[in-house]
>>> print(open('start-v2.tsv').read())   # TSV, C-alpha atoms and all ligand atoms
chain	number	residue	atom	x	y	z
A	199	MET	CA	0.00	0.00	0.00
A	200	THR	CA	1.34	3.37	-0.89
A	201	THR	CA	0.76	6.02	1.67
A	202	ASP	CA	1.89	9.60	1.76
A	203	ALA	CA	3.77	8.66	4.91
A	204	THR	CA	7.01	10.33	3.88
A	205	THR	CA	5.61	13.38	2.20
A	206	THR	CA	4.98	16.46	4.22
A	207	SER	CA	3.12	18.69	1.85
A	208	HIS	CA	-0.63	18.54	1.96
A	209	PRO	CA	-2.15	18.04	-1.45
A	210	THR	CA	-3.91	21.35	-1.94
A	211	SER	CA	-6.00	20.86	-5.01
A	212	LYS	CA	-7.88	24.10	-4.52
A	213	ALA	CA	-6.59	27.55	-5.20
A	214	PRO	CA	-5.30	29.58	-2.26
A	215	GLY	CA	-7.33	32.66	-1.45
A	216	GLU	CA	-10.79	31.13	-1.87
A	217	VAL	CA	-13.00	30.91	1.19
A	218	LEU	CA	-12.31	27.71	3.16
A	219	VAL	CA	-14.33	28.48	6.28
A	220	ASP	CA	-17.50	30.50	6.02
A	221	VAL	CA	-19.11	31.46	9.31
A	222	ARG	CA	-22.54	33.09	9.12
A	223	GLY	CA	-24.52	34.53	12.00
A	224	ILE	CA	-23.01	32.21	14.58
A	225	LYS	CA	-24.43	32.42	18.08
A	226	VAL	CA	-23.51	30.25	21.04
A	227	HIS	CA	-25.68	30.91	24.09
A	228	PHE	CA	-25.05	28.84	27.22
A	229	PRO	CA	-28.13	28.41	29.42
A	230	ILE	CA	-27.80	29.45	33.07
A	231	THR	CA	-29.86	27.06	35.14
A	232	LYS	CA	-31.13	27.10	38.69
A	233	GLY	CA	-32.97	24.53	40.75
A	234	ILE	CA	-32.27	21.32	42.61
A	235	ILE	CA	-34.51	18.76	40.98
A	236	PHE	CA	-35.69	20.46	37.81
A	237	ASP	CA	-33.18	22.77	36.22
A	238	LYS	CA	-34.90	25.97	35.31
A	239	VAL	CA	-33.25	28.18	32.72
A	240	VAL	CA	-32.95	31.60	34.30
A	241	GLY	CA	-30.81	33.26	31.67
A	242	HIS	CA	-28.10	32.80	29.10
A	243	VAL	CA	-24.42	33.55	28.69
A	244	TYR	CA	-24.23	35.17	25.27
A	245	ALA	CA	-20.70	33.86	24.68
A	246	VAL	CA	-20.82	34.30	20.90
A	247	ASP	CA	-23.60	36.51	19.69
A	248	GLY	CA	-23.77	36.89	15.95
A	249	VAL	CA	-20.43	36.49	14.20
A	250	ASP	CA	-19.80	36.46	10.46
A	251	LEU	CA	-16.31	35.67	9.26
A	252	GLN	CA	-14.54	34.06	6.38
A	253	ILE	CA	-11.16	32.38	6.47
A	254	ARG	CA	-9.44	31.98	3.13
A	255	ARG	CA	-7.47	28.94	2.10
A	256	GLY	CA	-3.82	29.35	3.05
A	257	GLU	CA	-4.23	32.45	5.20
A	258	THR	CA	-3.75	33.05	8.91
A	259	TYR	CA	-6.66	34.72	10.61
A	260	GLY	CA	-5.77	36.14	14.02
A	261	LEU	CA	-8.64	36.42	16.49
A	262	VAL	CA	-8.00	38.69	19.48
A	263	GLY	CA	-9.88	40.14	22.42
A	264	GLU	CA	-9.95	40.26	26.20
A	265	SER	CA	-10.34	37.06	28.15
A	266	GLY	CA	-14.00	36.00	28.29
A	267	CYS	CA	-15.07	37.72	25.05
A	268	GLY	CA	-15.92	34.40	23.37
A	269	LYS	CA	-12.84	33.53	21.31
A	270	SER	CA	-12.52	29.90	22.41
A	271	THR	CA	-16.24	29.32	22.10
A	272	LEU	CA	-16.18	30.68	18.56
A	273	GLY	CA	-13.18	28.47	17.70
A	274	ARG	CA	-14.96	25.44	19.09
A	275	ALA	CA	-18.16	26.30	17.24
A	276	ILE	CA	-16.20	26.49	13.97
A	277	LEU	CA	-14.89	22.97	14.62
A	278	HIS	CA	-18.40	21.89	15.59
A	279	LEU	CA	-17.17	20.90	19.05
A	280	GLU	CA	-19.72	23.36	20.41
A	281	PRO	CA	-23.05	23.14	18.61
A	282	PRO	CA	-24.10	26.69	17.68
A	283	THR	CA	-27.40	28.03	18.96
A	284	GLU	CA	-27.87	29.75	15.62
A	285	GLY	CA	-26.00	30.22	12.38
A	286	THR	CA	-23.99	28.07	10.02
A	287	VAL	CA	-20.38	27.08	9.46
A	288	THR	CA	-19.45	25.95	5.98
A	289	PHE	CA	-16.13	24.19	5.50
A	290	ASP	CA	-14.85	23.77	1.98
A	291	GLY	CA	-18.35	24.29	0.64
A	292	GLN	CA	-20.00	21.82	3.02
A	293	PRO	CA	-22.21	22.91	5.92
A	294	ILE	CA	-20.60	21.24	8.96
A	295	SER	CA	-23.86	20.94	10.89
A	296	THR	CA	-25.30	18.62	8.23
A	297	LEU	CA	-22.44	16.11	8.59
A	298	LYS	CA	-23.12	13.03	10.62
A	299	GLY	CA	-21.45	9.76	11.55
A	300	GLU	CA	-18.64	8.61	9.28
A	301	GLU	CA	-18.77	11.75	7.15
A	302	LEU	CA	-18.30	13.94	10.21
A	303	ARG	CA	-15.49	11.74	11.48
A	304	ARG	CA	-13.68	12.06	8.17
A	305	ARG	CA	-14.14	15.81	8.10
A	306	ARG	CA	-12.84	16.06	11.67
A	307	LYS	CA	-9.45	15.00	10.36
A	308	ASP	CA	-9.33	18.16	8.25
A	309	LEU	CA	-10.04	20.41	11.24
A	310	GLN	CA	-7.46	20.11	14.00
A	311	MET	CA	-6.91	22.08	17.17
A	312	VAL	CA	-3.80	23.12	19.08
A	313	PHE	CA	-4.45	24.03	22.70
A	314	GLN	CA	-2.97	26.53	25.14
A	315	ASP	CA	-1.88	23.89	27.60
A	316	PRO	CA	-0.30	20.95	25.79
A	317	MET	CA	0.12	19.11	29.10
A	318	GLY	CA	-3.63	19.12	29.59
A	319	SER	CA	-4.30	17.83	26.09
A	320	LEU	CA	-1.61	15.13	25.94
A	321	ASP	CA	-2.26	11.91	27.84
A	322	PRO	CA	0.67	11.69	30.32
A	323	ARG	CA	0.68	7.87	30.24
A	324	GLN	CA	1.29	7.66	26.51
A	325	SER	CA	4.67	7.96	24.83
A	326	VAL	CA	5.03	10.55	22.10
A	327	GLU	CA	4.99	7.74	19.56
A	328	ALA	CA	1.73	6.34	20.93
A	329	LEU	CA	0.20	9.83	21.03
A	330	LEU	CA	1.07	10.48	17.41
A	331	VAL	CA	0.14	7.04	16.08
A	332	GLU	CA	-3.27	7.09	17.80
A	333	GLY	CA	-4.76	9.78	15.58
A	334	MET	CA	-3.18	8.44	12.41
A	335	LYS	CA	-4.63	4.99	13.07
A	336	ALA	CA	-8.04	6.37	13.95
A	337	HIS	CA	-8.19	8.15	10.61
A	338	GLY	CA	-6.88	5.18	8.64
A	339	ILE	CA	-3.65	6.91	7.62
A	340	VAL	CA	-1.53	4.03	8.94
A	341	LYS	CA	-2.34	0.50	10.15
A	342	ASP	CA	0.16	0.35	13.01
A	343	ALA	CA	3.20	1.95	14.62
A	344	LYS	CA	5.59	0.14	12.27
A	345	GLU	CA	4.00	1.57	9.18
A	346	ALA	CA	3.98	5.01	10.81
A	347	GLN	CA	7.76	5.16	11.41
A	348	PRO	CA	8.88	7.17	8.36
A	349	ARG	CA	6.08	9.63	8.86
A	350	LEU	CA	6.78	9.95	12.60
A	351	ARG	CA	10.43	10.76	11.96
A	352	GLN	CA	9.47	13.34	9.37
A	353	LEU	CA	6.89	14.93	11.69
A	354	LEU	CA	9.39	15.23	14.53
A	355	ALA	CA	12.00	16.70	12.24
A	356	ASP	CA	9.43	19.18	10.96
A	357	VAL	CA	8.58	20.40	14.47
A	358	GLY	CA	12.25	20.51	15.46
A	359	LEU	CA	12.47	17.52	17.82
A	360	PRO	CA	14.93	14.59	17.69
A	361	THR	CA	13.70	11.10	16.76
A	362	ALA	CA	14.63	9.98	20.30
A	363	ALA	CA	11.65	12.02	21.54
A	364	LEU	CA	9.33	9.27	20.27
A	365	LYS	CA	10.08	7.00	23.21
A	366	LYS	CA	9.65	9.73	25.83
A	367	TYR	CA	6.60	10.89	27.76
A	368	PRO	CA	5.06	14.40	27.84
A	369	HIS	CA	6.41	15.25	31.32
A	370	GLU	CA	9.98	14.80	30.08
A	371	PHE	CA	9.70	17.87	27.87
A	372	SER	CA	9.73	21.62	28.41
A	373	GLY	CA	6.59	23.67	27.75
A	374	GLY	CA	7.82	24.74	24.32
A	375	GLN	CA	8.74	21.18	23.35
A	376	ARG	CA	5.35	19.93	24.50
A	377	GLN	CA	3.68	22.50	22.30
A	378	ARG	CA	5.79	21.17	19.40
A	379	ILE	CA	4.40	17.70	20.17
A	380	GLY	CA	0.87	19.11	20.25
A	381	ILE	CA	1.48	20.66	16.85
A	382	ALA	CA	2.97	17.40	15.50
A	383	ARG	CA	-0.07	15.53	16.69
A	384	ALA	CA	-2.41	17.96	14.95
A	385	LEU	CA	-0.35	17.72	11.75
A	386	SER	CA	-0.10	13.92	11.85
A	387	VAL	CA	-3.51	13.52	10.20
A	388	ASN	CA	-2.82	16.02	7.42
A	389	PRO	CA	-5.45	18.63	8.31
A	390	GLU	CA	-6.49	21.60	6.20
A	391	LEU	CA	-7.41	23.97	9.02
A	392	LEU	CA	-5.58	24.37	12.29
A	393	VAL	CA	-7.32	26.25	15.07
A	394	ALA	CA	-4.66	27.27	17.58
A	395	ASP	CA	-6.29	28.52	20.78
A	396	GLU	CA	-3.78	30.65	22.70
A	397	PRO	CA	-0.95	28.39	21.46
A	398	VAL	CA	1.82	30.33	23.21
A	399	SER	CA	0.05	31.96	26.17
A	400	ALA	CA	1.40	29.39	28.63
A	401	LEU	CA	4.98	29.70	27.35
A	402	ASP	CA	7.86	31.95	28.41
A	403	VAL	CA	8.10	35.05	26.27
A	404	SER	CA	11.48	33.87	24.95
A	405	VAL	CA	9.92	30.65	23.64
A	406	GLN	CA	6.77	32.24	22.25
A	407	ALA	CA	8.45	33.62	19.13
A	408	GLN	CA	10.07	30.25	18.37
A	409	VAL	CA	6.76	28.44	18.42
A	410	ILE	CA	5.06	31.17	16.37
A	411	ASN	CA	7.88	31.04	13.82
A	412	LEU	CA	7.62	27.25	13.67
A	413	MET	CA	3.89	27.51	13.00
A	414	SER	CA	4.61	29.99	10.26
A	415	ASP	CA	7.14	27.66	8.57
A	416	LEU	CA	4.83	24.66	8.85
A	417	GLN	CA	1.97	26.54	7.29
A	418	GLU	CA	3.81	26.85	4.02
A	419	GLU	CA	5.20	23.33	4.11
A	420	TYR	CA	1.88	21.67	4.88
A	421	GLY	CA	-0.35	24.07	2.94
A	422	LEU	CA	-2.34	24.92	6.07
A	423	THR	CA	-4.97	27.48	6.88
A	424	TYR	CA	-4.77	28.91	10.41
A	425	LEU	CA	-7.12	30.45	12.88
A	426	VAL	CA	-4.86	31.71	15.67
A	427	ILE	CA	-6.60	32.87	18.84
A	428	ALA	CA	-4.85	35.11	21.38
A	429	HIS	CA	-5.70	37.66	24.06
A	430	ASP	CA	-2.40	39.33	23.26
A	431	LEU	CA	-2.41	41.51	20.16
A	432	ALA	CA	1.37	41.28	19.90
A	433	VAL	CA	1.28	37.49	19.48
A	434	VAL	CA	-0.80	37.46	16.30
A	435	ARG	CA	0.64	40.61	14.78
A	436	HIS	CA	3.40	39.08	12.70
A	437	ILE	CA	1.85	35.73	11.86
A	438	SER	CA	-1.58	36.98	10.75
A	439	ASP	CA	-2.70	38.02	7.29
A	440	ARG	CA	-5.92	39.39	8.73
A	441	VAL	CA	-6.98	40.10	12.29
A	442	GLY	CA	-10.43	40.14	13.86
A	443	VAL	CA	-11.03	41.89	17.19
A	444	MET	CA	-13.77	40.52	19.43
A	445	TYR	CA	-15.63	42.28	22.19
A	446	LEU	CA	-18.41	40.63	24.23
A	447	GLY	CA	-19.37	37.94	21.75
A	448	GLY	CA	-19.10	40.00	18.57
A	449	LEU	CA	-16.48	41.10	16.05
A	450	VAL	CA	-15.91	44.85	16.32
A	451	GLU	CA	-13.15	45.21	13.74
A	452	GLU	CA	-11.50	43.14	11.03
A	453	ALA	CA	-8.69	44.18	8.74
A	454	PRO	CA	-5.47	43.07	7.07
A	455	ALA	CA	-2.96	42.86	9.94
A	456	ASP	CA	-0.74	45.78	8.87
A	457	ASP	CA	-3.75	47.98	8.36
A	458	LEU	CA	-5.25	47.13	11.74
A	459	TYR	CA	-2.08	47.84	13.71
A	460	ALA	CA	-1.24	50.99	11.74
A	461	THR	CA	-4.74	52.50	11.75
A	462	PRO	CA	-7.06	50.84	14.24
A	463	ARG	CA	-10.52	52.33	13.63
A	464	HIS	CA	-12.79	50.91	16.30
A	465	PRO	CA	-12.58	52.74	19.65
A	466	TYR	CA	-12.00	49.43	21.44
A	467	THR	CA	-9.10	48.43	19.19
A	468	ARG	CA	-7.65	51.94	19.53
A	469	ALA	CA	-7.81	51.63	23.29
A	470	LEU	CA	-6.22	48.18	23.27
A	471	LEU	CA	-3.36	49.32	21.07
A	472	SER	CA	-2.88	52.59	22.92
A	473	ALA	CA	-2.25	50.63	26.12
A	474	VAL	CA	0.76	48.91	24.57
A	475	PRO	CA	3.96	50.71	25.57
A	476	VAL	CA	6.17	51.84	22.70
A	477	PRO	CA	9.93	51.28	23.14
A	478	ASP	CA	10.83	54.71	21.67
A	479	PRO	CA	10.63	57.24	24.57
A	480	VAL	CA	9.81	60.18	22.26
A	481	VAL	CA	6.92	58.33	20.67
A	482	GLU	CA	5.95	56.93	24.07
A	483	ASP	CA	5.57	60.46	25.51
A	484	SER	CA	3.60	61.87	22.64
A	485	ARG	CA	1.34	59.02	21.64
A	486	GLU	CA	-2.36	58.87	22.30
A	487	GLN	CA	-3.36	56.90	25.39
A	488	ILE	CA	-6.97	55.93	25.70
A	489	LEU	CA	-8.14	54.80	29.10
A	490	LEU	CA	-11.20	52.65	29.30
A	491	SER	CA	-13.26	52.97	32.40
A	492	GLY	CA	-15.14	50.15	34.04
A	493	ASP	CA	-14.85	46.41	33.72
A	494	LEU	CA	-15.84	44.17	30.87
A	495	PRO	CA	-19.61	43.79	31.28
A	496	SER	CA	-20.96	40.29	31.87
A	497	PRO	CA	-21.79	38.32	28.72
A	498	ALA	CA	-24.90	37.16	30.61
A	499	ASN	CA	-26.17	40.73	30.61
A	500	PRO	CA	-24.58	42.53	27.67
A	501	PRO	CA	-25.22	46.27	27.22
A	502	SER	CA	-27.90	47.34	24.74
A	503	GLY	CA	-27.05	48.84	21.37
A	504	CYS	CA	-23.31	48.94	20.84
A	505	ARG	CA	-21.90	46.57	23.43
A	506	PHE	CA	-18.94	48.84	23.91
A	507	HIS	CA	-21.02	51.93	24.74
A	508	THR	CA	-20.55	51.60	28.52
A	509	ARG	CA	-16.80	52.07	28.08
A	510	CYS	CA	-16.46	53.99	24.85
A	511	PRO	CA	-14.72	57.38	25.06
A	512	TRP	CA	-16.45	58.45	21.78
A	513	ARG	CA	-19.95	57.41	22.77
A	514	GLN	CA	-22.71	59.59	21.26
A	515	GLU	CA	-26.17	60.52	22.56
A	516	THR	CA	-27.87	58.88	19.62
A	517	ARG	CA	-27.66	55.32	18.32
A	518	CYS	CA	-24.81	54.10	20.56
A	519	ASP	CA	-26.99	52.68	23.33
A	520	THR	CA	-29.99	51.74	21.20
A	521	GLU	CA	-28.77	50.33	17.90
A	522	ARG	CA	-26.28	47.51	17.54
A	523	PRO	CA	-23.73	48.50	14.88
A	524	GLN	CA	-23.11	46.02	12.08
A	525	LEU	CA	-19.61	45.09	11.01
A	526	ARG	CA	-19.29	47.09	7.79
A	527	VAL	CA	-16.63	47.98	5.29
A	528	VAL	CA	-15.19	51.48	5.68
A	529	ASP	CA	-13.32	53.24	2.88
A	530	GLY	CA	-14.15	50.59	0.29
A	531	SER	CA	-11.23	48.51	1.53
A	532	GLU	CA	-11.06	45.24	3.44
A	533	HIS	CA	-11.18	47.17	6.68
A	534	LYS	CA	-14.41	46.47	8.54
A	535	VAL	CA	-15.63	48.23	11.67
A	536	ALA	CA	-18.72	47.84	13.85
A	537	CYS	CA	-19.16	51.46	14.96
A	538	HIS	CA	-21.88	53.92	13.95
A	539	TRP	CA	-19.44	56.80	14.04
A	540	ALA	CA	-16.28	55.30	12.54
A	541	GLU	CA	-15.98	57.95	9.79
A	542	GLN	CA	-16.60	60.89	12.12
A	543	ILE	CA	-14.11	59.51	14.66
A	544	GLU	CA	-11.52	59.02	11.92
A	545	SER	CA	-11.96	62.58	10.60
A	546	GLY	CA	-11.79	64.07	14.08
A	547	GLU	CA	-15.32	65.46	13.80
A	548	ILE	CA	-16.14	63.50	16.94
A	549	GLN	CA	-13.66	63.86	19.76
A	550	PRO	CA	-13.24	61.46	22.68
A	551	HIS	CA	-14.62	62.51	26.03
A	552	SER	CA	-14.44	60.91	29.41
A	553	VAL	CA	-16.94	58.14	29.85
A	554	ARG	CA	-19.92	59.03	31.94
A	555	THR	CA	-20.25	56.88	34.98
A	556	GLU	CA	-22.49	56.49	37.98
A	557	ILE	CA	-19.57	56.23	40.40
A	558	ASP	CA	-17.74	59.35	41.58
A	559	GLU	CA	-14.75	60.83	39.75
A	560	THR	CA	-12.11	59.25	41.98
A	561	GLY	CA	-13.68	55.83	41.60
A	562	ALA	CA	-13.83	56.23	37.84
A	563	GLN	CA	-10.21	57.31	37.69
A	564	LEU	CA	-9.10	54.40	39.86
A	565	ALA	CA	-11.03	51.99	37.66
A	566	ALA	CA	-9.49	53.55	34.54
A	567	ASN	CA	-5.99	53.30	36.00
A	568	ALA	CA	-6.49	49.69	37.02
A	569	GLU	CA	-7.84	48.88	33.57
A	570	ALA	CA	-4.90	50.56	31.85
A	571	GLU	CA	-2.50	48.65	34.05
A	572	ARG	CA	-4.24	45.37	33.38
A	573	LEU	CA	-4.30	45.93	29.63
A	574	THR	CA	-0.63	46.84	29.65
A	575	GLU	CA	0.17	43.62	31.48
A	576	ASP	CA	-1.88	41.63	29.01
A	577	LEU	CA	-0.19	43.14	26.03
A	578	PRO	CA	3.56	42.93	26.42
A	579	PHE	CA	5.51	44.39	23.52
A	580	ALA	CA	8.86	43.15	24.69
B	1	LIG	N1	-19.57	25.53	28.65
B	1	LIG	C1	-19.86	26.75	29.09
B	1	LIG	N2	-20.95	26.97	29.86
B	1	LIG	C2	-21.28	28.20	30.30
B	1	LIG	N3	-20.56	29.30	30.03
B	1	LIG	C3	-19.46	29.16	29.27
B	1	LIG	C4	-19.05	27.89	28.77
B	1	LIG	N4	-17.90	28.06	28.06
B	1	LIG	C5	-17.62	29.38	28.10
B	1	LIG	N5	-18.55	30.04	28.84
B	1	LIG	C6	-18.59	31.49	29.09
B	1	LIG	O1	-18.66	32.13	27.83
B	1	LIG	C7	-17.90	33.33	27.84
B	1	LIG	C8	-16.86	33.26	26.74
B	1	LIG	O2	-15.88	32.29	27.09
B	1	LIG	P1	-14.66	31.90	26.16
B	1	LIG	O3	-15.17	31.57	24.81
B	1	LIG	O4	-13.88	30.87	26.87
B	1	LIG	O5	-13.85	33.28	26.09
B	1	LIG	P2	-12.32	33.55	25.72
B	1	LIG	O6	-11.78	32.35	25.03
B	1	LIG	O7	-12.36	34.77	24.85
B	1	LIG	O8	-11.62	33.84	27.00
B	1	LIG	C9	-17.31	33.45	29.23
B	1	LIG	O9	-18.16	34.27	30.00
B	1	LIG	C10	-17.34	32.03	29.74
B	1	LIG	O10	-17.46	32.01	31.14
B	2	LIG	S1	-21.04	52.82	18.12
B	2	LIG	FE1	-20.84	54.42	19.65
B	2	LIG	S2	-20.35	53.38	21.57
B	2	LIG	FE2	-19.99	51.93	19.89
B	2	LIG	S3	-17.84	52.13	19.42
B	2	LIG	FE3	-18.93	53.52	18.05
B	2	LIG	S4	-18.96	55.49	19.11
B	2	LIG	FE4	-18.41	53.93	20.62
B	3	MG	MG	-10.14	31.17	25.51
>>> encode(input="start-v2.tsv", output="structure tokens")
Amino acid sequence: MTTDATTTSHPTSKAPGEVLVDVRGIKVHFPITKGIIFDKVVGHVYAVDGVDLQIRRGETYGLVGESGCGKSTLGRAILHLEPPTEGTVTFDGQPISTLKGEELRRRRKDLQMVFQDPMGSLDPRQSVEALLVEGMKAHGIVKDAKEAQPRLRQLLADVGLPTAALKKYPHEFSGGQRQRIGIARALSVNPELLVADEPVSALDVSVQAQVINLMSDLQEEYGLTYLVIAHDLAVVRHISDRVGVMYLGGLVEEAPADDLYATPRHPYTRALLSAVPVPDPVVEDSREQILLSGDLPSPANPPSGCRFHTRCPWRQETRCDTERPQLRVVDGSEHKVACHWAEQIESGEIQPHSVRTEIDETGAQLAANAEAERLTEDLPFA
């Protein structure tokens, strides 16, 4: 039997650039229940609340946003690990929700996930070889460990580990090496899409770049499409072709990466990027710093209208708290923003003001300071 055991490139028959993953109106609402005998639904966590996005074959889509904004849930919904409350996900022209049984199992092979904590996702009792062979056998790529050998050696070489690693167990590796094993395991079944959920968040800053660079190299070699999720804007900056920014279950901005970092247009993205310290002291002193007041509202009780209106320094009397802004193209480019006043903010016609708040001035300032500090910690630009 001829297998593609020694080849590393994925046979991409389709042209790069076409839409591989098409997400339409996805909502994932988790019921909040109460009661001892009969669970009564008393509310919902609106974890993902109406997201449209397209991922093109061969590209890297970076998804960013504060912790709790729904990134992981969206990633899981795309892989159909979390059944959506509403909406559809089409993969390579096929609606995923219509797949069942064997068909779904086969499709699963094409959609792989890399997790934040490789230790948690790798069975500690299995050797690296056993971990890698398991998936390949399950998907009929190899019959047994013997047949898998050439492919295993190639996989390890590709993720930068020695062949000797095959006989070792996950605890014998460093965090960065374990993440390489997690990546090898995802690649072992020749997927088309890799969803990497905070792939480097648990790693030392010095190792983060190595793993990101490895992912970047592998993408070309294996012809992969990536969805890379991170709470840290710096992590996805260099690897992403396009970036989407999430806030409370929705996308608030989406743009080619360079464009987004150079000219963020949504007030939330501007605030996130303004909290990142710039190494140049002259720029650092003169640059715009936007402080957000208040905490991230609960996704169980999201604000009306624009979900960002409770913290937005540009908030207007009309529309902001009553009408939910759609993600729309601004300037006829690929840059999309969900803000009613994006053009007026860009032109300077609307100026930022301090956010009105029920608590007294000192309280508001303290909250703003704490928020700025927290955001700065979250977004290291080392
Ligand atoms: N299985 C679940 N049941 C109930 N609530 C959940 C579940 N999974 C996630 N959530 C909630 O949904 C929101 C979004 O979570 P998540 O997608 O993990 O955000 P992120 O990955 O951006 O940190 C959070 O408020 C979280 O507590
Ligand atoms: S719609 Fe209003 S509240 Fe929302 S981001 Fe734009 S200006 Fe701010
Ligand atoms: Mg998450």
>>> closest_residue(input="start-v2.tsv", among="A:Ser491, A:Ser295, A:Ser496, A:Ser399", to="ligand LIG 1 (chain B)", atoms="all atoms listed in the file")
A:Ser496
>>> axis_aligned_box(input="start-v2.tsv", around="ligand LIG 2 (chain B)", padding_each_side="4 Å", output="AutoDock Vina command-line options")
--center_x -19.4 --center_y 53.7 --center_z 19.8 --size_x 11.2 --size_y 11.6 --size_z 11.5
>>> closest_residue(input="start-v2.tsv", among="A:Gln406, A:Thr231, A:Gln310, A:Gln487", to="A:Gly380", atoms="all atoms listed in the file")
A:Gln310
>>> closest_atom_pairs(input="start-v2.tsv", of="chain A", to="ligand LIG 2 (chain B)", cutoff="10 Å", atoms="only C-alpha atoms and all ligand atoms", output="Markdown table")
| residue | atom | partner | partner_atom | distance |
| --- | --- | --- | --- | --- |
| A:Val450 | CA | B:LIG2 | S3 | 8.1 |
| A:Arg463 | CA | B:LIG2 | S3 | 9.3 |
| A:His464 | CA | B:LIG2 | S3 | 6.1 |
| A:Pro465 | CA | B:LIG2 | S3 | 5.3 |
| A:Tyr466 | CA | B:LIG2 | S3 | 6.7 |
| A:Thr467 | CA | B:LIG2 | S3 | 9.5 |
| A:Gly503 | CA | B:LIG2 | FE2 | 7.8 |
| A:Cys504 | CA | B:LIG2 | FE2 | 4.6 |
| A:Arg505 | CA | B:LIG2 | FE2 | 6.7 |
| A:Phe506 | CA | B:LIG2 | FE2 | 5.2 |
| A:His507 | CA | B:LIG2 | S2 | 3.5 |
| A:Thr508 | CA | B:LIG2 | S2 | 7.2 |
| A:Arg509 | CA | B:LIG2 | S2 | 7.5 |
| A:Cys510 | CA | B:LIG2 | FE4 | 4.7 |
| A:Pro511 | CA | B:LIG2 | FE4 | 6.7 |
| A:Trp512 | CA | B:LIG2 | S4 | 4.7 |
| A:Arg513 | CA | B:LIG2 | S2 | 4.2 |
| A:Gln514 | CA | B:LIG2 | FE1 | 5.7 |
| A:Glu515 | CA | B:LIG2 | FE1 | 8.6 |
| A:Thr516 | CA | B:LIG2 | FE1 | 8.3 |
| A:Arg517 | CA | B:LIG2 | FE1 | 7.0 |
| A:Cys518 | CA | B:LIG2 | FE1 | 4.1 |
| A:Asp519 | CA | B:LIG2 | S2 | 6.9 |
| A:Thr520 | CA | B:LIG2 | S1 | 9.5 |
| A:Glu521 | CA | B:LIG2 | S1 | 8.1 |
| A:Arg522 | CA | B:LIG2 | S1 | 7.5 |
| A:Pro523 | CA | B:LIG2 | S1 | 6.0 |
| A:Gln524 | CA | B:LIG2 | S1 | 9.3 |
| A:Val535 | CA | B:LIG2 | FE3 | 8.9 |
| A:Ala536 | CA | B:LIG2 | S1 | 7.0 |
| A:Cys537 | CA | B:LIG2 | FE3 | 3.7 |
| A:His538 | CA | B:LIG2 | S1 | 4.4 |
| A:Trp539 | CA | B:LIG2 | FE3 | 5.2 |
| A:Ala540 | CA | B:LIG2 | FE3 | 6.4 |
| A:Glu541 | CA | B:LIG2 | FE3 | 9.8 |
| A:Gln542 | CA | B:LIG2 | S4 | 9.1 |
| A:Ile543 | CA | B:LIG2 | S4 | 7.7 |
| A:Ile548 | CA | B:LIG2 | S4 | 8.8 |
| A:Gln549 | CA | B:LIG2 | S4 | 9.9 |
| A:Pro550 | CA | B:LIG2 | S4 | 9.0 |
>>> atom_distance(input="start-v2.tsv", atom1="atom CA of A:Phe228", atom2="atom CA of A:Thr271")
10.2 Å
>>> closest_residue(input="start-v2.tsv", among="A:His429, A:Arg254, A:Arg303, A:Arg222", to="ligand MG 3 (chain B)", atoms="all atoms listed in the file")
A:His429
>>> closest_residue(input="start-v2.tsv", among="A:Val219, A:Leu401, A:Ile224, A:Leu412", to="A:Leu359", atoms="all atoms listed in the file")
A:Leu412
>>> atom_distance(input="start-v2.tsv", atom1="atom CA of A:Arg323", atom2="atom CA of A:Arg349")
22.1 Å
>>> residues_around(input="start-v2.tsv", residues="A:Leu392", least_positions_apart="4", cutoff="12 Å", atoms="all atoms listed in the file", output="compact mmCIF listing (two decimals) with C-alpha atoms, keeping the file's coordinate frame")
# COMPACT_ATOMS: atom_id res chain seq x y z
CA LEU A 218 -12.31 27.71 3.16
CA VAL A 219 -14.33 28.48 6.28
CA ILE A 253 -11.16 32.38 6.47
CA ARG A 255 -7.47 28.94 2.10
CA GLY A 256 -3.82 29.35 3.05
CA GLU A 257 -4.23 32.45 5.20
CA THR A 258 -3.75 33.05 8.91
CA TYR A 259 -6.66 34.72 10.61
CA GLY A 260 -5.77 36.14 14.02
CA GLY A 273 -13.18 28.47 17.70
CA ARG A 274 -14.96 25.44 19.09
CA ILE A 276 -16.20 26.49 13.97
CA LEU A 277 -14.89 22.97 14.62
CA ARG A 306 -12.84 16.06 11.67
CA LYS A 307 -9.45 15.00 10.36
CA ASP A 308 -9.33 18.16 8.25
CA LEU A 309 -10.04 20.41 11.24
CA GLN A 310 -7.46 20.11 14.00
CA MET A 311 -6.91 22.08 17.17
CA VAL A 312 -3.80 23.12 19.08
CA PHE A 313 -4.45 24.03 22.70
CA GLY A 380 0.87 19.11 20.25
CA ILE A 381 1.48 20.66 16.85
CA ALA A 382 2.97 17.40 15.50
CA ARG A 383 -0.07 15.53 16.69
CA ALA A 384 -2.41 17.96 14.95
CA LEU A 385 -0.35 17.72 11.75
CA SER A 386 -0.10 13.92 11.85
CA VAL A 387 -3.51 13.52 10.20
CA ASN A 388 -2.82 16.02 7.42
CA PRO A 397 -0.95 28.39 21.46
CA MET A 413 3.89 27.51 13.00
CA SER A 414 4.61 29.99 10.26
CA LEU A 416 4.83 24.66 8.85
CA GLN A 417 1.97 26.54 7.29
CA TYR A 420 1.88 21.67 4.88
CA GLY A 421 -0.35 24.07 2.94
CA LEU A 422 -2.34 24.92 6.07
CA THR A 423 -4.97 27.48 6.88
CA TYR A 424 -4.77 28.91 10.41
CA LEU A 425 -7.12 30.45 12.88
CA VAL A 426 -4.86 31.71 15.67
CA ILE A 427 -6.60 32.87 18.84
